[in-house]
Amino acid sequence: MGVASLVLGIIAIIIGLFSSGSFGWLGAIFGIIGIILGIQGKKVPGQEGISQGGLVCSIIGTVLCLFLFVACVACVACIGVAGTAGATL
Amino acid sequence: MEGIPFFLLRKGKMFMGIQVGDILIPWYGMFIVTGIAAGALAGYILLRGTEMAYDDFVQAACFVGLGAMVGAKLLYLAVSWDAIDFSRITDPEYLSLLMGSGFVFYGGLLGGLAGLYLCGRILHIPVLALARETIPVIPLAHGFGRIGCALVGCCYGIPYDGPGAVVYTDSPAAPLNTPLFPVQAVEAAGEFVIAAVLTVYIVRCRKQGKTPRSLGLYLGLYAVLRFFLEFVRYDDHERGIFLGISTSQWISAAVLAAVVLHFKRYKKTDCPL
């Protein structure tokens with residue numbers, strides 16, 4: 001579980017750093033699952049260290065991914081704007 | 001910068017957030033993270049003096065978060081069904097915009113409750129007792145989210161020219177250059193008041209050795225707040241209107257009725273919520 005947490009945390013950080021605007025929602029899901037696995041892993045003897053690392057990476061990744069969320073409800077309008085621009089770009 | 005929607009990158013425009021170098025951090029995301037941090041701190045403080053573990057709280061919060069994301073998105077897709085361009089659903093940019101924004105709180109609340117139930121089943125954590133003690137965390141985090149809405153201009157209010165009216169000059173959602181009722185700020189204030197009331201109630205129950213009925217109290221208080229604030233919201237095309245009132249008002253009325261019935265049923269006995 002510690003390794004899974006670390007992997008998910010690193011993926012979440014990568015998504016958060018490089019494509020959060022597009023896949024932040026996916027990175028946040030990975031990060032949150034990584035946090036759960038990290039806490040569970042801390043209870044397994046011998047996995048405390050890697051689980052702690054996974055937990056920290058997952059928290060950082062989740063925060064990075066959530067930072068670039070745009071709005072809660074309004075983005076039907078945003079999607080319309082993006083669609084228009086996408087057609088012209 | 002690759003992958004960030006183009007409307008975040010209009011240099012010199014501060015309508016969506018604050019500019020840090022070439023990157024614009026949206027207000028909404030910033031306040032969501034602030035709300036989560038405040039909730040984590042509040043959860044830590046609320047659990048002091050109880051025998052419950054903070055790790056359990058974090059895991060339960062993660063399950064609630066996952067359930068809330070799924071539920072909020074599903075309800076948003078349901079109420080915005082007509083506005084979605086399904087011919088572009090395979091376009092990655094369109095899909096990411098659709099998935100990365102657009103959440104309805106009541107969907108999140110129902111999804112969060114489902115997540116809490118799953119957490120109890122999978123991890124064998126006493127989630128109900130945990131939720132009773134830490135429920136003020138939800139309105140606290142939600143209140144910060146509403147401040148994000150107020151700054152970006154989503155979930156906007158009706159045209160209004162009185163005290164406190166806000167005028168958006170550059171918002172991707174709200175009508176521009178029109179004085180609007182600051183419904184998001186009013187809801188944020190209401191959420192903070194609910195969080196404070198719940199905290200006082202929980203602490204008082206703890207001192208008296210009673211089990212707090214805080215879940216039902218929260219659901220009831222928020223349902224009343226939301227039902228009335230929906231009348232001064234103006235983003236009708238995004239909320240879904242049925243028989244003259246919005247989806248959230250229908251859900252508020254149903255939640256309030258369920259809470260009243262629940263409290264009547266468990267008036268003199270131990271109340272599960």
# chains A, B, ... in the order shown; residues from 1 in each chain; ligands from 1
$ residues_around --residues "stretch 52-69 of chain A" --least-positions-apart "2" --cutoff "9 Å" --atoms "only C-alpha atoms" --output "PyMOL selection string"
(chain A and resi 2-17+19-21+23-39+41-42+47-50+71-72) or (chain B and resi 4+24-33+100-101)
$ residues_around --residues "stretch 48-55 of chain B" --least-positions-apart "2" --cutoff "12 Å" --atoms "only C-alpha atoms" --output "MDAnalysis selection string"
(chainID A and resid 35:43 55) or (chainID B and resid 40:46 57:62 123 125:134 202:203 206:207 209)
$ select_by_dssp --residues "stretch 22-71 of chain A" --states "alpha helix (DSSP H)" --output "VMD selection string"
chain A and resid 22 to 42 48 to 67
$ write_last_selection --atoms "N, CA and C atoms" --output "short mmCIF file (atom, residue, chain, number, x, y, z; two decimals), in the first residue's frame"
data_model
loop_
_atom_site.label_atom_id
_atom_site.label_comp_id
_atom_site.auth_asym_id
_atom_site.auth_seq_id
_atom_site.Cartn_x
_atom_site.Cartn_y
_atom_site.Cartn_z
N SER A 22 -5.99 20.92 -17.23
CA SER A 22 -6.76 19.96 -18.02
C SER A 22 -7.20 18.76 -17.21
N PHE A 23 -6.28 18.19 -16.45
CA PHE A 23 -6.57 16.93 -15.77
C PHE A 23 -6.47 17.03 -14.25
N GLY A 24 -6.67 18.24 -13.73
CA GLY A 24 -6.61 18.43 -12.29
C GLY A 24 -7.58 17.52 -11.56
N TRP A 25 -8.76 17.33 -12.13
CA TRP A 25 -9.78 16.48 -11.50
C TRP A 25 -9.27 15.05 -11.35
N LEU A 26 -8.54 14.59 -12.39
CA LEU A 26 -8.01 13.23 -12.35
C LEU A 26 -6.87 13.13 -11.32
N GLY A 27 -6.00 14.14 -11.33
CA GLY A 27 -4.90 14.17 -10.36
C GLY A 27 -5.40 14.23 -8.94
N ALA A 28 -6.49 15.01 -8.72
CA ALA A 28 -7.05 15.10 -7.37
C ALA A 28 -7.57 13.74 -6.91
N ILE A 29 -8.19 13.01 -7.83
CA ILE A 29 -8.69 11.66 -7.48
C ILE A 29 -7.52 10.75 -7.12
N PHE A 30 -6.47 10.77 -7.94
CA PHE A 30 -5.27 9.96 -7.64
C PHE A 30 -4.70 10.34 -6.28
N GLY A 31 -4.59 11.65 -6.05
CA GLY A 31 -3.99 12.14 -4.79
C GLY A 31 -4.80 11.70 -3.58
N ILE A 32 -6.12 11.81 -3.68
CA ILE A 32 -6.98 11.46 -2.53
C ILE A 32 -6.86 9.96 -2.24
N ILE A 33 -6.87 9.14 -3.30
CA ILE A 33 -6.71 7.69 -3.08
C ILE A 33 -5.32 7.42 -2.47
N GLY A 34 -4.31 8.16 -2.93
CA GLY A 34 -2.96 8.02 -2.38
C GLY A 34 -2.91 8.34 -0.90
N ILE A 35 -3.67 9.36 -0.47
CA ILE A 35 -3.70 9.72 0.96
C ILE A 35 -4.28 8.57 1.77
N ILE A 36 -5.39 8.00 1.28
CA ILE A 36 -6.03 6.88 2.01
C ILE A 36 -5.04 5.70 2.11
N LEU A 37 -4.41 5.37 0.98
CA LEU A 37 -3.48 4.23 0.99
C LEU A 37 -2.26 4.53 1.88
N GLY A 38 -1.81 5.77 1.88
CA GLY A 38 -0.67 6.15 2.72
C GLY A 38 -0.97 5.95 4.19
N ILE A 39 -2.17 6.38 4.61
CA ILE A 39 -2.54 6.22 6.02
C ILE A 39 -2.68 4.74 6.37
N GLN A 40 -3.29 3.98 5.45
CA GLN A 40 -3.43 2.54 5.69
C GLN A 40 -2.05 1.86 5.75
N GLY A 41 -1.14 2.30 4.85
CA GLY A 41 0.19 1.70 4.79
C GLY A 41 1.00 1.94 6.05
N LYS A 42 0.75 3.10 6.71
CA LYS A 42 1.50 3.41 7.93
C LYS A 42 1.25 2.39 9.03
N GLU A 48 6.25 1.82 7.08
CA GLU A 48 5.96 3.15 7.63
C GLU A 48 6.63 4.27 6.82
N GLY A 49 7.90 4.05 6.47
CA GLY A 49 8.67 5.10 5.80
C GLY A 49 8.12 5.44 4.43
N ILE A 50 7.95 4.42 3.61
CA ILE A 50 7.48 4.65 2.24
C ILE A 50 6.03 5.17 2.24
N SER A 51 5.26 4.69 3.22
CA SER A 51 3.87 5.16 3.32
C SER A 51 3.83 6.64 3.70
N GLN A 52 4.73 7.02 4.61
CA GLN A 52 4.81 8.43 5.00
C GLN A 52 5.17 9.28 3.78
N GLY A 53 6.14 8.78 2.99
CA GLY A 53 6.53 9.49 1.76
C GLY A 53 5.36 9.58 0.80
N GLY A 54 4.63 8.46 0.63
CA GLY A 54 3.46 8.45 -0.26
C GLY A 54 2.40 9.41 0.21
N LEU A 55 2.22 9.46 1.53
CA LEU A 55 1.20 10.36 2.10
C LEU A 55 1.55 11.82 1.81
N VAL A 56 2.81 12.17 2.03
CA VAL A 56 3.24 13.56 1.79
C VAL A 56 3.11 13.91 0.31
N CYS A 57 3.58 13.00 -0.58
CA CYS A 57 3.47 13.26 -2.03
C CYS A 57 2.01 13.40 -2.45
N SER A 58 1.15 12.55 -1.90
CA SER A 58 -0.27 12.58 -2.28
C SER A 58 -0.92 13.89 -1.83
N ILE A 59 -0.56 14.34 -0.63
CA ILE A 59 -1.13 15.61 -0.14
C ILE A 59 -0.67 16.76 -1.05
N ILE A 60 0.64 16.78 -1.35
CA ILE A 60 1.16 17.86 -2.22
C ILE A 60 0.48 17.80 -3.60
N GLY A 61 0.38 16.58 -4.16
CA GLY A 61 -0.23 16.42 -5.48
C GLY A 61 -1.68 16.85 -5.49
N THR A 62 -2.42 16.47 -4.45
CA THR A 62 -3.84 16.85 -4.38
C THR A 62 -3.99 18.37 -4.32
N VAL A 63 -3.19 19.00 -3.48
CA VAL A 63 -3.27 20.46 -3.35
C VAL A 63 -2.94 21.13 -4.68
N LEU A 64 -1.87 20.67 -5.35
CA LEU A 64 -1.49 21.26 -6.64
C LEU A 64 -2.63 21.13 -7.66
N CYS A 65 -3.25 19.95 -7.67
CA CYS A 65 -4.32 19.73 -8.64
C CYS A 65 -5.55 20.56 -8.33
N LEU A 66 -5.87 20.70 -7.05
CA LEU A 66 -7.08 21.46 -6.69
C LEU A 66 -6.89 22.96 -6.92
N PHE A 67 -5.64 23.40 -6.84
CA PHE A 67 -5.34 24.84 -6.97
C PHE A 67 -5.87 25.41 -8.29
#
$ select_by_dssp --residues "stretch 21-251 of chain B" --states "strand (DSSP E or B)" --output "PDB file with C-alpha atoms, in the first residue's frame"
ATOM      1  CA  ILE B  23       0.657  31.158 -14.408  1.00  0.00           C
ATOM      2  CA  LEU B  24      -2.719  32.370 -13.296  1.00  0.00           C
ATOM      3  CA  ILE B  25      -4.027  30.678 -10.152  1.00  0.00           C
ATOM      4  CA  PRO B  26      -7.852  30.751 -10.200  1.00  0.00           C
ATOM      5  CA  GLY B 157     -27.244  36.774  -7.992  1.00  0.00           C
ATOM      6  CA  PRO B 159     -29.836  42.164 -10.850  1.00  0.00           C
ATOM      7  CA  VAL B 166     -21.427  43.736  -7.072  1.00  0.00           C
ATOM      8  CA  VAL B 167     -20.547  44.592 -10.665  1.00  0.00           C
ATOM      9  CA  TYR B 168     -18.406  42.142 -12.654  1.00  0.00           C
ATOM     10  CA  LEU B 176     -20.905  42.028 -17.176  1.00  0.00           C
ATOM     11  CA  PRO B 179     -25.133  45.397 -10.543  1.00  0.00           C
ATOM     12  CA  LEU B 180     -25.958  42.009  -8.986  1.00  0.00           C
ATOM     13  CA  ARG B 233     -29.778  33.573  -7.806  1.00  0.00           C
ATOM     14  CA  ILE B 241     -35.768  24.715 -13.049  1.00  0.00           C
ATOM     15  CA  PHE B 242     -38.765  22.448 -12.493  1.00  0.00           C
ATOM     16  CA  ILE B 245     -38.292  26.342  -8.511  1.00  0.00           C
ATOM     17  CA  SER B 246     -34.744  25.088  -8.909  1.00  0.00           C
TER      18      SER B 246
END
$ atom_distance --atom1 "atom CA of B:Arg121" --atom2 "atom CA of B:Pro212"
22.5 Å
$ closest_residue --among "B:Cys155, B:Thr34, B:Ile18, B:Gly143" --to "chain A" --atoms "only C-alpha atoms"
B:Cys155
